[in-house]
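Coordinates from model_17.cif are shown below (mmCIF, C-alpha atoms).
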```cif
data_run
#
loop_
_atom_site.label_atom_id
_atom_site.label_comp_id
_atom_site.auth_asym_id
_atom_site.auth_seq_id
_atom_site.Cartn_x
_atom_site.Cartn_y
_atom_site.Cartn_z
CA MET A 1 25.10 36.44 -13.77
CA GLU A 2 28.33 35.30 -12.17
CA THR A 3 27.61 34.28 -8.58
CA VAL A 4 25.04 32.37 -6.59
CA VAL A 5 24.07 35.65 -4.95
CA ASP A 6 23.37 37.09 -8.40
CA PHE A 7 21.16 34.11 -9.19
CA LYS A 8 19.21 34.45 -5.94
CA GLU A 9 18.66 38.15 -6.53
CA TYR A 10 17.44 37.41 -10.05
CA VAL A 11 14.98 34.78 -8.77
CA ALA A 12 13.75 37.14 -6.08
CA SER A 13 13.11 39.84 -8.69
CA VAL A 14 11.03 37.43 -10.78
CA GLU A 15 9.03 36.23 -7.78
CA ALA A 16 8.40 39.84 -6.71
CA ARG A 17 6.46 40.62 -9.89
CA PRO A 18 2.78 41.53 -9.35
CA GLY A 19 0.56 38.45 -9.28
CA TYR A 20 3.45 35.99 -9.40
CA LYS A 21 2.57 32.56 -8.10
CA LYS A 22 4.88 29.64 -7.40
CA PRO A 23 3.80 26.39 -9.08
CA LEU A 24 2.97 23.44 -6.88
CA ALA A 25 4.83 21.20 -9.32
CA PHE A 26 6.56 21.40 -12.68
CA GLY A 27 8.76 19.39 -15.01
CA LEU A 28 10.60 19.59 -18.30
CA GLY A 29 9.13 17.04 -20.66
CA ILE A 30 10.02 15.29 -23.91
CA ARG A 31 6.86 14.95 -25.98
CA ARG A 32 6.49 12.57 -28.93
CA THR A 33 3.63 13.25 -31.33
CA LYS A 34 2.34 11.89 -34.64
CA ASN A 35 -0.33 13.51 -36.81
CA GLY A 36 -1.08 15.93 -34.00
CA LYS A 37 -1.63 13.14 -31.46
CA THR A 38 0.45 12.95 -28.28
CA LEU A 39 2.02 9.49 -28.08
CA ASP A 40 3.77 10.02 -24.76
CA VAL A 41 5.59 12.57 -22.60
CA SER A 42 8.64 11.73 -20.51
CA TYR A 43 9.46 13.94 -17.53
CA PRO A 44 13.02 12.99 -16.41
CA VAL A 45 12.73 15.15 -13.28
CA VAL A 46 9.52 15.95 -11.42
CA ASN A 47 9.63 18.93 -9.07
CA PHE A 48 6.90 18.92 -6.42
CA ASN A 49 6.80 21.81 -3.94
CA GLU A 50 10.52 22.36 -4.49
CA ASN A 51 13.16 24.01 -6.73
CA PHE A 52 11.24 27.26 -7.01
CA GLY A 53 14.33 29.03 -8.37
CA THR A 54 14.28 26.82 -11.45
CA ALA A 55 10.56 27.46 -11.81
CA ALA A 56 11.20 31.21 -11.73
CA VAL A 57 13.77 30.95 -14.50
CA LEU A 58 11.40 28.95 -16.69
CA ILE A 59 8.51 31.33 -16.02
CA ASP A 60 10.69 34.33 -16.86
CA VAL A 61 12.23 32.97 -20.06
CA LEU A 62 8.93 31.60 -21.36
CA LYS A 63 7.11 34.82 -20.40
CA VAL A 64 4.42 33.01 -18.43
CA SER A 65 1.74 35.49 -17.41
CA GLU A 66 -1.15 33.28 -16.28
CA TYR A 67 -0.50 31.12 -13.24
CA LYS A 68 -2.72 28.17 -13.99
CA ASN A 69 -2.20 24.54 -14.99
CA SER A 70 -0.54 24.86 -18.37
CA LEU A 71 2.17 23.66 -20.75
CA PHE A 72 4.65 25.53 -22.90
CA SER A 73 6.84 24.45 -25.81
CA ILE A 74 10.56 25.13 -25.45
CA THR A 75 12.90 25.80 -28.37
CA LEU A 76 16.62 25.13 -28.47
CA GLU A 77 17.14 28.86 -28.09
CA ASN A 78 14.93 28.82 -24.99
CA LEU A 79 16.96 25.97 -23.54
CA SER A 80 20.22 27.82 -24.12
CA GLU A 81 18.86 30.97 -22.50
CA ILE A 82 17.52 28.99 -19.53
CA TYR A 83 20.87 27.23 -19.10
CA SER A 84 22.75 30.54 -19.22
CA HIS A 85 20.87 31.76 -16.14
CA PHE A 86 22.43 28.91 -14.17
CA SER A 87 26.04 29.86 -14.97
CA PRO A 88 27.07 29.93 -11.27
CA PHE A 89 26.21 26.20 -11.13
CA HIS A 90 27.68 25.00 -14.43
CA ASN A 91 30.64 23.31 -12.74
CA ASP A 92 28.43 21.08 -10.60
CA ASN A 93 25.57 20.12 -12.93
CA ASN A 94 25.38 16.63 -11.44
CA LYS A 95 24.29 18.12 -8.12
CA HIS A 96 21.27 19.73 -9.76
CA PRO A 97 18.99 17.25 -11.60
CA ASN A 98 17.08 20.00 -13.43
CA LEU A 99 20.27 21.60 -14.67
CA GLU A 100 21.68 18.23 -15.67
CA THR A 101 18.49 17.53 -17.63
CA ILE A 102 18.60 20.91 -19.39
CA ASN A 103 22.22 20.32 -20.39
CA ALA A 104 21.39 16.83 -21.70
CA LEU A 105 18.44 18.18 -23.70
CA ILE A 106 20.70 20.76 -25.34
CA ASP A 107 23.38 18.19 -26.17
CA ASN A 108 20.84 15.74 -27.60
CA TYR A 109 18.35 18.14 -29.12
CA THR A 110 16.36 16.71 -32.02
CA THR A 111 12.95 17.22 -33.58
CA SER A 112 12.31 13.67 -34.84
CA ASN A 113 13.18 10.04 -34.18
CA GLY A 114 12.36 9.02 -37.75
CA TYR A 115 8.73 8.34 -36.96
CA ALA A 116 7.42 10.76 -34.35
CA ASN A 117 7.95 14.48 -33.91
CA ILE A 118 9.89 15.34 -30.76
CA GLU A 119 9.31 18.53 -28.77
CA ILE A 120 10.69 19.85 -25.52
CA MET A 121 8.08 21.35 -23.23
CA VAL A 122 7.43 22.24 -19.62
CA TYR A 123 4.29 21.55 -17.64
CA PHE A 124 3.25 23.68 -14.64
CA LEU A 125 0.80 22.36 -12.05
CA PHE A 126 -0.71 25.07 -9.88
CA ASP A 127 -3.91 23.37 -8.75
CA GLN A 128 -3.88 19.61 -8.09
CA SER A 129 -7.64 19.50 -7.50
CA LEU A 130 -8.60 20.17 -11.13
CA PRO A 131 -9.41 17.35 -13.57
CA VAL A 132 -7.02 16.39 -16.35
CA GLU A 133 -7.25 18.68 -19.38
CA ASN A 134 -4.81 17.09 -21.83
CA ALA A 135 -2.40 14.19 -22.38
CA GLU A 136 0.58 16.25 -21.22
CA GLU A 137 -1.06 16.82 -17.85
CA ALA A 138 -2.08 13.16 -17.68
CA TYR A 139 1.52 12.05 -18.15
CA PHE A 140 2.78 14.62 -15.66
CA LYS A 141 0.44 13.42 -12.93
CA LEU A 142 1.35 9.78 -13.67
CA HIS A 143 5.03 10.71 -13.32
CA CYS A 144 4.28 12.47 -10.01
CA LEU A 145 2.92 9.18 -8.68
CA SER A 146 5.68 6.92 -9.98
CA THR A 147 8.42 9.21 -8.68
CA ARG A 148 6.77 9.20 -5.21
CA LYS A 149 6.25 12.95 -5.35
CA ALA A 150 2.51 12.45 -4.86
CA GLU A 151 0.68 9.58 -3.19
CA PRO A 152 -2.33 7.82 -4.73
CA HIS A 153 -5.56 9.84 -4.48
CA SER A 154 -3.70 13.10 -3.81
CA LEU A 155 -4.13 14.31 -7.41
CA ASN A 156 -7.34 14.71 -9.37
CA LEU A 157 -7.13 12.18 -12.21
CA ASP A 158 -10.67 12.66 -13.48
CA GLY A 159 -10.65 12.56 -17.28
CA LEU A 160 -7.16 11.07 -17.49
CA PHE A 161 -8.11 7.90 -19.33
CA ALA A 162 -9.97 9.79 -22.06
CA LYS A 163 -7.03 12.14 -22.69
CA LEU A 164 -4.52 9.36 -23.33
CA GLN A 165 -3.97 8.01 -26.84
CA ASN A 166 -4.12 4.25 -27.40
CA VAL A 167 -0.56 3.44 -28.43
CA ALA A 168 1.46 0.56 -29.83
CA TRP A 169 4.52 0.45 -27.56
CA THR A 170 7.51 -0.76 -29.59
CA ASN A 171 11.27 -1.06 -29.32
CA LYS A 172 11.43 1.91 -31.73
CA GLY A 173 9.24 4.08 -29.53
CA PRO A 174 5.47 4.59 -29.25
CA MET A 175 3.48 4.43 -32.49
CA LEU A 176 -0.09 4.76 -33.63
CA PRO A 177 -1.47 1.20 -33.91
CA GLU A 178 -2.55 1.78 -37.50
CA ASP A 179 1.04 2.61 -38.51
CA VAL A 180 2.67 -0.55 -37.17
CA ALA A 181 2.17 -2.69 -40.29
CA VAL A 182 3.95 -0.23 -42.60
CA GLU A 183 6.60 0.71 -40.05
CA SER A 184 7.48 -2.95 -39.50
CA VAL A 185 8.28 -3.29 -43.22
CA LYS A 186 10.88 -0.52 -42.89
CA HIS A 187 12.77 -2.66 -40.38
CA ILE A 188 12.26 -6.04 -42.01
CA GLY A 189 15.87 -6.37 -43.12
CA SER A 190 17.29 -4.88 -39.94
CA HIS A 191 19.16 -6.71 -37.21
CA SER A 192 16.68 -4.97 -34.93
CA PRO A 193 13.17 -5.64 -36.29
CA LEU A 194 10.15 -3.76 -34.99
CA ILE A 195 8.74 -5.46 -31.88
CA VAL A 196 5.49 -4.46 -30.22
CA SER A 197 5.35 -5.15 -26.48
CA HIS A 198 1.73 -4.10 -25.96
CA VAL A 199 -1.09 -1.88 -27.20
CA ASP A 200 -2.48 0.26 -24.40
CA LYS A 201 -2.94 3.79 -23.15
CA PHE A 202 -0.34 3.23 -20.44
CA PRO A 203 3.36 2.41 -20.82
CA TYR A 204 5.39 0.34 -18.39
CA MET A 205 6.63 2.35 -15.41
CA ILE A 206 10.21 1.08 -15.55
CA ASN A 207 10.69 2.53 -19.04
CA TYR A 208 10.37 5.99 -17.44
CA HIS A 209 11.26 5.70 -13.76
CA ILE A 210 12.79 3.13 -11.43
CA PRO A 211 12.12 4.16 -7.82
CA SER A 212 14.83 3.37 -5.30
CA GLY A 213 14.69 0.18 -3.26
CA ILE A 214 12.26 -1.83 -5.38
CA ARG A 215 12.33 -5.04 -7.41
CA ILE A 216 10.03 -5.79 -10.34
CA ALA A 217 10.44 -9.24 -11.83
CA SER A 218 8.29 -8.45 -14.88
CA GLY A 219 8.21 -4.87 -16.10
CA SER A 220 4.95 -5.38 -17.97
CA GLN A 221 3.12 -5.84 -14.67
CA VAL A 222 3.51 -2.29 -13.36
CA ARG A 223 1.90 0.62 -15.20
CA LEU A 224 3.22 4.16 -15.25
CA GLY A 225 1.36 5.93 -12.46
CA ALA A 226 1.87 3.14 -9.94
CA TYR A 227 3.30 4.19 -6.58
CA LEU A 228 5.86 1.74 -5.16
CA GLY A 229 7.15 2.37 -1.66
CA GLU A 230 10.72 1.58 -0.66
CA GLY A 231 11.14 -2.16 -0.16
CA THR A 232 8.39 -3.28 -2.54
CA THR A 233 8.95 -6.54 -4.41
CA VAL A 234 6.71 -7.37 -7.36
CA MET A 235 6.95 -10.99 -8.45
CA PRO A 236 6.13 -12.18 -12.02
CA SER A 237 2.48 -12.84 -11.17
CA GLY A 238 2.07 -9.50 -9.39
CA TYR A 239 0.39 -6.47 -10.94
CA ILE A 240 0.03 -2.82 -9.90
CA ASN A 241 -2.24 -0.39 -11.75
CA PHE A 242 -1.97 3.42 -11.88
CA ASN A 243 -3.04 5.57 -8.90
CA ALA A 244 -2.44 2.51 -6.73
CA GLY A 245 0.48 0.91 -4.97
CA THR A 246 2.34 0.27 -1.77
CA LYS A 247 3.69 2.30 1.14
CA GLY A 248 6.77 0.25 2.00
CA ASN A 249 8.00 -3.33 2.36
CA THR A 250 5.36 -5.32 0.51
CA MET A 251 5.34 -8.65 -1.30
CA VAL A 252 3.14 -8.40 -4.38
CA GLU A 253 2.26 -11.67 -6.06
CA GLY A 254 -1.37 -10.78 -6.78
CA ARG A 255 -3.25 -7.84 -8.27
CA ILE A 256 -3.37 -4.34 -6.80
CA SER A 257 -6.09 -2.71 -8.88
CA ALA A 258 -6.50 0.99 -9.68
CA GLY A 259 -7.10 3.08 -6.57
CA VAL A 260 -5.91 0.45 -4.08
CA VAL A 261 -3.19 1.25 -1.53
CA VAL A 262 -1.39 -1.49 0.43
CA ASP A 263 0.40 -0.44 3.60
CA LYS A 264 3.87 -1.66 4.56
CA ASP A 265 4.80 -5.16 5.74
CA SER A 266 1.84 -6.75 3.98
CA ASP A 267 1.67 -9.65 1.51
CA VAL A 268 -0.62 -9.93 -1.51
CA GLY A 269 -0.39 -13.66 -2.29
CA GLY A 270 -0.19 -15.34 -5.65
CA GLY A 271 -3.39 -14.90 -7.65
CA ALA A 272 -4.93 -12.69 -4.96
CA SER A 273 -7.13 -9.83 -6.13
CA ILE A 274 -8.05 -6.50 -4.57
CA MET A 275 -11.11 -4.85 -6.10
CA GLY A 276 -10.37 -1.50 -7.73
CA THR A 277 -12.50 1.43 -8.80
CA LEU A 278 -12.21 1.30 -12.62
CA SER A 279 -14.73 -1.43 -13.34
CA GLY A 280 -17.41 -3.57 -11.75
CA GLY A 281 -19.29 -0.62 -10.31
CA ASN A 282 -17.17 -0.41 -7.17
CA LYS A 283 -17.01 3.18 -5.90
CA LYS A 284 -15.29 2.53 -2.57
CA VAL A 285 -11.55 3.06 -2.32
CA ILE A 286 -9.98 -0.09 -0.91
CA SER A 287 -6.96 0.00 1.39
CA ILE A 288 -4.98 -2.80 3.02
CA GLY A 289 -3.51 -2.14 6.46
CA GLN A 290 -0.07 -2.97 7.77
CA LYS A 291 0.93 -6.58 8.35
CA SER A 292 -2.03 -8.00 6.46
CA LEU A 293 -2.05 -11.10 4.29
CA LEU A 294 -4.15 -12.05 1.31
CA GLY A 295 -3.63 -15.77 0.81
CA ALA A 296 -3.16 -17.36 -2.59
CA ASN A 297 -6.18 -16.89 -4.91
CA SER A 298 -8.04 -14.88 -2.27
CA GLY A 299 -9.60 -11.48 -2.73
CA THR A 300 -11.32 -8.57 -1.12
CA GLY A 301 -13.84 -5.91 -1.98
CA ILE A 302 -13.57 -4.32 1.48
CA SER A 303 -10.70 -2.57 3.22
CA LEU A 304 -8.57 -4.44 5.73
CA GLY A 305 -7.18 -2.85 8.88
CA PHE A 306 -3.99 -3.76 10.72
CA GLY A 307 -2.99 -7.42 10.99
CA CYS A 308 -5.79 -9.02 8.96
CA THR A 309 -5.64 -12.30 7.06
CA ILE A 310 -7.85 -13.66 4.32
CA ALA A 311 -7.24 -17.37 3.91
CA ALA A 312 -6.28 -18.89 0.56
CA GLY A 313 -9.16 -19.12 -1.87
CA VAL A 314 -11.50 -16.92 0.18
CA TYR A 315 -13.08 -13.83 -1.41
CA VAL A 316 -14.72 -11.23 0.82
CA THR A 317 -17.05 -8.75 -0.87
CA ALA A 318 -19.08 -5.89 0.57
CA GLY A 319 -22.23 -7.99 0.30
CA SER A 320 -20.77 -11.27 1.56
CA LYS A 321 -22.70 -12.98 4.34
CA VAL A 322 -20.18 -13.39 7.16
CA PHE A 323 -20.60 -15.42 10.36
CA LEU A 324 -18.82 -13.88 13.35
CA TYR A 325 -17.16 -15.86 16.15
CA ASN A 326 -14.87 -14.93 19.00
CA GLN A 327 -11.60 -16.64 19.95
CA ASN A 328 -13.60 -19.30 21.83
CA ASN A 329 -15.67 -20.08 18.71
CA GLU A 330 -18.77 -18.53 20.29
CA ALA A 331 -21.22 -16.68 18.03
CA VAL A 332 -20.87 -12.91 18.53
CA ASN A 333 -22.29 -9.70 17.07
CA LEU A 334 -20.36 -6.63 15.85
CA ASN A 335 -19.92 -5.49 19.46
CA ASN A 336 -18.28 -8.82 20.29
CA GLU A 337 -21.24 -9.77 22.48
CA VAL A 338 -22.13 -13.47 22.62
CA VAL A 339 -25.38 -14.11 20.76
CA LYS A 340 -27.39 -17.03 19.44
CA GLU A 341 -26.27 -18.80 16.29
CA GLY A 342 -27.88 -16.98 13.38
CA GLU A 343 -27.71 -13.63 15.12
CA ASN A 344 -24.01 -13.43 14.29
CA ILE A 345 -24.48 -12.79 10.57
CA VAL A 346 -23.22 -9.49 9.12
CA LYS A 347 -22.29 -8.15 5.71
CA GLY A 348 -18.68 -7.86 4.63
CA ILE A 349 -18.95 -4.07 4.44
CA ASP A 350 -19.68 -4.01 8.19
CA LEU A 351 -16.16 -5.30 8.80
CA SER A 352 -14.37 -2.96 6.38
CA GLY A 353 -11.24 -1.40 7.85
CA LYS A 354 -11.35 -3.27 11.15
CA ASP A 355 -8.12 -4.65 12.67
CA LYS A 356 -6.95 -8.19 13.44
CA LEU A 357 -9.56 -10.15 11.54
CA LEU A 358 -9.19 -13.65 10.13
CA PHE A 359 -11.46 -14.64 7.25
CA ILE A 360 -11.74 -18.38 6.56
CA MET A 361 -14.19 -20.68 4.81
CA ASP A 362 -16.06 -23.23 6.91
CA THR A 363 -16.01 -25.97 4.28
CA ALA A 364 -18.21 -28.29 6.33
CA LYS A 365 -21.06 -25.77 6.40
CA GLY A 366 -20.14 -23.83 3.26
CA ARG A 367 -20.06 -20.40 4.85
CA LEU A 368 -17.68 -17.52 5.30
CA VAL A 369 -16.42 -17.13 8.87
CA CYS A 370 -14.61 -14.25 10.57
CA LYS A 371 -12.68 -14.62 13.83
CA PRO A 372 -10.05 -12.61 15.69
CA ASN A 373 -6.68 -13.11 14.02
CA PRO A 374 -4.37 -14.78 16.55
CA LYS A 375 -1.16 -13.64 14.83
CA THR A 376 0.20 -11.22 12.27
CA ILE A 377 2.51 -12.03 9.40
CA GLU A 378 6.24 -11.35 9.27
CA LEU A 379 7.80 -10.74 5.87
CA ASN A 380 11.20 -12.19 4.99
CA SER A 381 13.30 -9.06 5.37
CA THR A 382 15.94 -10.39 2.97
CA LEU A 383 13.45 -10.25 0.11
CA HIS A 384 12.85 -6.52 0.63
CA HIS A 385 16.42 -5.19 0.88
CA ASN A 386 16.40 -4.06 -2.74
CA ASP A 387 19.62 -2.08 -2.95
#
```

Just dump the structure as C-alpha cells.
Amino acid sequence: METVVDFKEYVASVEARPGYKKPLAFGLGIRRTKNGKTLDVSYPVVNFNENFGTAAVLIDVLKVSEYKNSLFSITLENLSEIYSHFSPFHNDNNKHPNLETINALIDNYTTSNGYANIEIMVYFLFDQSLPVENAEEAYFKLHCLSTRKAEPHSLNLDGLFAKLQNVAWTNKGPMLPEDVAVESVKHIGSHSPLIVSHVDKFPYMINYHIPSGIRIASGSQVRLGAYLGEGTTVMPSGYINFNAGTKGNTMVEGRISAGVVVDKDSDVGGGASIMGTLSGGNKKVISIGQKSLLGANSGTGISLGFGCTIAAGVYVTAGSKVFLYNQNNEAVNLNNEVVKEGENIVKGIDLSGKDKLLFIMDTAKGRLVCKPNPKTIELNSTLHHND
C-alpha cells in the first residue's frame, strides 16, 4: 500500500464485506490489570462517529466478525500490522492522532509496570443504548464524556458503578487497596515513596484528559466522566461528578452532582449544591439554565430555567413550600394572577425549569419566597478565557 488512493480502496473493500457495520465509536486503550481485575483503561484518542478508515483497518486486522459492543486484545505484532496499513501517512503522523498513538504504543510497548499487567486493546461501541457490560466499556464511556465526544445522558451508563474496581490511586499507578501496604515497603528507601491520592472507583479526569479552554484549581475535584464545556473554571471548592458538567463559560465553586448539567454563563457559588441522581432517592435529572446563579451555600433539587437566582443560603427542593409574588409584591398563583395571601403557595416542583425566577428567604416570616428575577448575572469574562 503506497498511496492514499490505495488506502481508500483497501478501506472500501473492507467496508463492502457482507454484514459490515461501522462502529459508532472506538478507541485504542491501555489496560492495567492485577490478579485478573481491571484497574483502569486509558484511551488516548476517542473516535466518535468519525475516522471510519481507522476502524476498518482495526476490524480487518483483528478479524472482527460480530458487530456489537466488544473489546479485543492487541499484540505487538497486531500493532505493527495495523501501522503498516497506514504507510501513505507515515510522514505526517502528527496530523493523525490515531496513527500517532499507534506509533507511540509500538515504541513504548511493555507488558508490565512492575506491579500491574499492561495490555493494549481496542473497544468498539456500536450501540450506545445498551447498559455497561464490563470495566473496559465503563472506562470508554467515561472517556467519551470527558473528551466532549458525548454529552451527559447521551450514553447508557446503567451498571457502570458495579463494573468498576475499587482502586488505590497512587503515584506508581492504580493498585488493589489490599496490596498498598506491601507495595509501600518496596519503595520505602526510594526518593519517590509510594503515595496514595485516594481510594475510589473513579480516577481524576486530568490524569487522563485535559479538555481545551478549562481551568481546574484542584484536580481531585473533577472525576473522570465529567463533561466540561469550553470556558469552564472549577475553583478549589468546586466539584463535578461523572455524567455531569457544564456546557460553556461557567464558574464552579459548588457541587455539580452526578447527572446534573449546567448551561453556559452560569455561576454555582461557593458551597452551593445541586441534587444529583446517585443518592437520596432523587430520580429527576436536574439542569441549570443559562445565566443562572446559585448563591453561596444555596442549593436546588429542581431545575432552573434561564436567568434564575437562588439567594445565598436558600435551598429549594421539590417539596418546598414556596410563596409566590409578582414584581409589585402582590400574592399571585402559577398563572401570575393576583390572589389572596395563602392562595399563592405552591411546591418547588411546580416551578421546575421556569425562567427568570428569584428565590429568597423572608427571614421575618420564615418562609421561602419566589419573585420575578429583575436581572440576570454577568460572568467576569477574564476568568473564563482559559487559553

Worksheet entry | Among listed residues A:Ala135, A:Leu155, A:Val5, A:Leu379, nearest Thr232 of chain A (using only C-alpha atoms) | A:Leu379

Worksheet entry | the PyMOL selection byres ((chain A and resi 86) around 9) applied to the shown file, residues as a ChimeraX atom specification | /A:1-2,4,7,54,57,82-85,87-90,99

Item to complete: For a cut-off of 10 Å around (11.0, 6.1, -30.4), file coordinates, pick out all residues using all atoms listed in the file and list them as a list in words.
Response: Arg32, Leu39, Asp40, Ser112, Asn113, Gly114, Tyr115, Ala116, Asn117, Ile118, Trp169, Thr170, Asn171, Lys172, Gly173, Pro174 and Met175 of chain A

For the file shown, what are the residues hit by the PyMOL selection byres ((chain A and resi 275) around 9), laid out as a PDB file with C-alpha atoms, keeping the file's coordinate frame?
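See expr.pdb below for the written result:
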```
ATOM      1  CA  ARG A 255      -3.250  -7.840  -8.270  1.00  0.00           C
ATOM      2  CA  ILE A 256      -3.370  -4.340  -6.800  1.00  0.00           C
ATOM      3  CA  SER A 257      -6.090  -2.710  -8.880  1.00  0.00           C
ATOM      4  CA  ALA A 258      -6.500   0.990  -9.680  1.00  0.00           C
ATOM      5  CA  GLY A 259      -7.100   3.080  -6.570  1.00  0.00           C
ATOM      6  CA  VAL A 260      -5.910   0.450  -4.080  1.00  0.00           C
ATOM      7  CA  SER A 273      -7.130  -9.830  -6.130  1.00  0.00           C
ATOM      8  CA  ILE A 274      -8.050  -6.500  -4.570  1.00  0.00           C
ATOM      9  CA  GLY A 276     -10.370  -1.500  -7.730  1.00  0.00           C
ATOM     10  CA  THR A 277     -12.500   1.430  -8.800  1.00  0.00           C
ATOM     11  CA  SER A 279     -14.730  -1.430 -13.340  1.00  0.00           C
ATOM     12  CA  GLY A 280     -17.410  -3.570 -11.750  1.00  0.00           C
ATOM     13  CA  ASN A 282     -17.170  -0.410  -7.170  1.00  0.00           C
ATOM     14  CA  VAL A 285     -11.550   3.060  -2.320  1.00  0.00           C
ATOM     15  CA  ILE A 286      -9.980  -0.090  -0.910  1.00  0.00           C
ATOM     16  CA  GLY A 299      -9.600 -11.480  -2.730  1.00  0.00           C
ATOM     17  CA  THR A 300     -11.320  -8.570  -1.120  1.00  0.00           C
ATOM     18  CA  GLY A 301     -13.840  -5.910  -1.980  1.00  0.00           C
ATOM     19  CA  ILE A 302     -13.570  -4.320   1.480  1.00  0.00           C
ATOM     20  CA  THR A 317     -17.050  -8.750  -0.870  1.00  0.00           C
TER      21      THR A 317
END
```

Fill in: the PyMOL selection byres ((chain A and resi 176) around 10) resolved against shown file, as a ChimeraX atom specification
/A:33-35,37-39,116,165-169,174-175,177-180,199

Take the residues from that selection and put them in a file with C-alpha atoms, as a PDB file, in the frame of the given file.
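What ended up in result.pdb:
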```
ATOM      1  CA  THR A  33       3.630  13.250 -31.330  1.00  0.00           C
ATOM      2  CA  LYS A  34       2.340  11.890 -34.640  1.00  0.00           C
ATOM      3  CA  ASN A  35      -0.330  13.510 -36.810  1.00  0.00           C
ATOM      4  CA  LYS A  37      -1.630  13.140 -31.460  1.00  0.00           C
ATOM      5  CA  THR A  38       0.450  12.950 -28.280  1.00  0.00           C
ATOM      6  CA  LEU A  39       2.020   9.490 -28.080  1.00  0.00           C
ATOM      7  CA  ALA A 116       7.420  10.760 -34.350  1.00  0.00           C
ATOM      8  CA  GLN A 165      -3.970   8.010 -26.840  1.00  0.00           C
ATOM      9  CA  ASN A 166      -4.120   4.250 -27.400  1.00  0.00           C
ATOM     10  CA  VAL A 167      -0.560   3.440 -28.430  1.00  0.00           C
ATOM     11  CA  ALA A 168       1.460   0.560 -29.830  1.00  0.00           C
ATOM     12  CA  TRP A 169       4.520   0.450 -27.560  1.00  0.00           C
ATOM     13  CA  PRO A 174       5.470   4.590 -29.250  1.00  0.00           C
ATOM     14  CA  MET A 175       3.480   4.430 -32.490  1.00  0.00           C
ATOM     15  CA  PRO A 177      -1.470   1.200 -33.910  1.00  0.00           C
ATOM     16  CA  GLU A 178      -2.550   1.780 -37.500  1.00  0.00           C
ATOM     17  CA  ASP A 179       1.040   2.610 -38.510  1.00  0.00           C
ATOM     18  CA  VAL A 180       2.670  -0.550 -37.170  1.00  0.00           C
ATOM     19  CA  VAL A 199      -1.090  -1.880 -27.200  1.00  0.00           C
TER      20      VAL A 199
END
```

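Interatomic distance, atom CA of Tyr123 of chain A against atom CA of Asn49 of chain A: 13.9 Å.
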
Item to complete: Using all atoms listed in the file, find the one residue out of A:Leu368, A:Ile102, A:Ala331, A:Val252 that sits nearest to Lys264 of chain A.
Response: A:Val252

Worksheet item: Counting all atoms listed in the file, which residues come within 9 Å of (16.0, 36.8, -10.6), with the point read in the file's coordinates, and could you list them as a PyMOL selection string?
Response: chain A and resi 6-15+53+56-57+60+85

Neighbours of segment 142-144 of chain A within 10 Å (all atoms listed in the file; same-chain residues fewer than 2 positions away dropped), as a PDB file with C-alpha atoms, keeping the file's coordinate frame?
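See part.pdb below for the written result:
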```
ATOM      1  CA  ALA A  25       4.830  21.200  -9.320  1.00  0.00           C
ATOM      2  CA  PHE A  26       6.560  21.400 -12.680  1.00  0.00           C
ATOM      3  CA  GLY A  27       8.760  19.390 -15.010  1.00  0.00           C
ATOM      4  CA  VAL A  41       5.590  12.570 -22.600  1.00  0.00           C
ATOM      5  CA  SER A  42       8.640  11.730 -20.510  1.00  0.00           C
ATOM      6  CA  TYR A  43       9.460  13.940 -17.530  1.00  0.00           C
ATOM      7  CA  PRO A  44      13.020  12.990 -16.410  1.00  0.00           C
ATOM      8  CA  VAL A  45      12.730  15.150 -13.280  1.00  0.00           C
ATOM      9  CA  VAL A  46       9.520  15.950 -11.420  1.00  0.00           C
ATOM     10  CA  ASN A  47       9.630  18.930  -9.070  1.00  0.00           C
ATOM     11  CA  PHE A  48       6.900  18.920  -6.420  1.00  0.00           C
ATOM     12  CA  GLU A 136       0.580  16.250 -21.220  1.00  0.00           C
ATOM     13  CA  GLU A 137      -1.060  16.820 -17.850  1.00  0.00           C
ATOM     14  CA  ALA A 138      -2.080  13.160 -17.680  1.00  0.00           C
ATOM     15  CA  TYR A 139       1.520  12.050 -18.150  1.00  0.00           C
ATOM     16  CA  PHE A 140       2.780  14.620 -15.660  1.00  0.00           C
ATOM     17  CA  SER A 146       5.680   6.920  -9.980  1.00  0.00           C
ATOM     18  CA  THR A 147       8.420   9.210  -8.680  1.00  0.00           C
ATOM     19  CA  ARG A 148       6.770   9.200  -5.210  1.00  0.00           C
ATOM     20  CA  LYS A 149       6.250  12.950  -5.350  1.00  0.00           C
ATOM     21  CA  ALA A 150       2.510  12.450  -4.860  1.00  0.00           C
ATOM     22  CA  GLU A 151       0.680   9.580  -3.190  1.00  0.00           C
ATOM     23  CA  PRO A 152      -2.330   7.820  -4.730  1.00  0.00           C
ATOM     24  CA  LEU A 155      -4.130  14.310  -7.410  1.00  0.00           C
ATOM     25  CA  LEU A 157      -7.130  12.180 -12.210  1.00  0.00           C
ATOM     26  CA  LEU A 160      -7.160  11.070 -17.490  1.00  0.00           C
ATOM     27  CA  PHE A 202      -0.340   3.230 -20.440  1.00  0.00           C
ATOM     28  CA  MET A 205       6.630   2.350 -15.410  1.00  0.00           C
ATOM     29  CA  TYR A 208      10.370   5.990 -17.440  1.00  0.00           C
ATOM     30  CA  HIS A 209      11.260   5.700 -13.760  1.00  0.00           C
ATOM     31  CA  ARG A 223       1.900   0.620 -15.200  1.00  0.00           C
ATOM     32  CA  LEU A 224       3.220   4.160 -15.250  1.00  0.00           C
ATOM     33  CA  GLY A 225       1.360   5.930 -12.460  1.00  0.00           C
ATOM     34  CA  ALA A 226       1.870   3.140  -9.940  1.00  0.00           C
ATOM     35  CA  TYR A 227       3.300   4.190  -6.580  1.00  0.00           C
ATOM     36  CA  PHE A 242      -1.970   3.420 -11.880  1.00  0.00           C
ATOM     37  CA  ASN A 243      -3.040   5.570  -8.900  1.00  0.00           C
TER      38      ASN A 243
END
```

Taking every listed atom of segment 136-149 of chain A and adding 4 Å to each side, what centre and edge lengths in Å (one decimal) does the axis-aligned box have, as AutoDock Vina command-line options?
```
--center_x 3.2 --center_y 11.9 --center_z -13.2 --size_x 18.5 --size_y 17.9 --size_z 24.0
```

Worksheet item: For the atom pair atom CA of Phe72 of chain A and atom CA of Ser154 of chain A, what is the interatomic distance in Å to one decimal place?
Response: 24.3 Å

Discussion item. Would you compute the distance between atom CA of Ser197 of chain A and atom CA of Gly219 of chain A? Give it in Å to one decimal.
Written reply: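 Atom-to-atom, atom CA of Ser197 of chain A and atom CA of Gly219 of chain A are spaced 10.8 Å apart.
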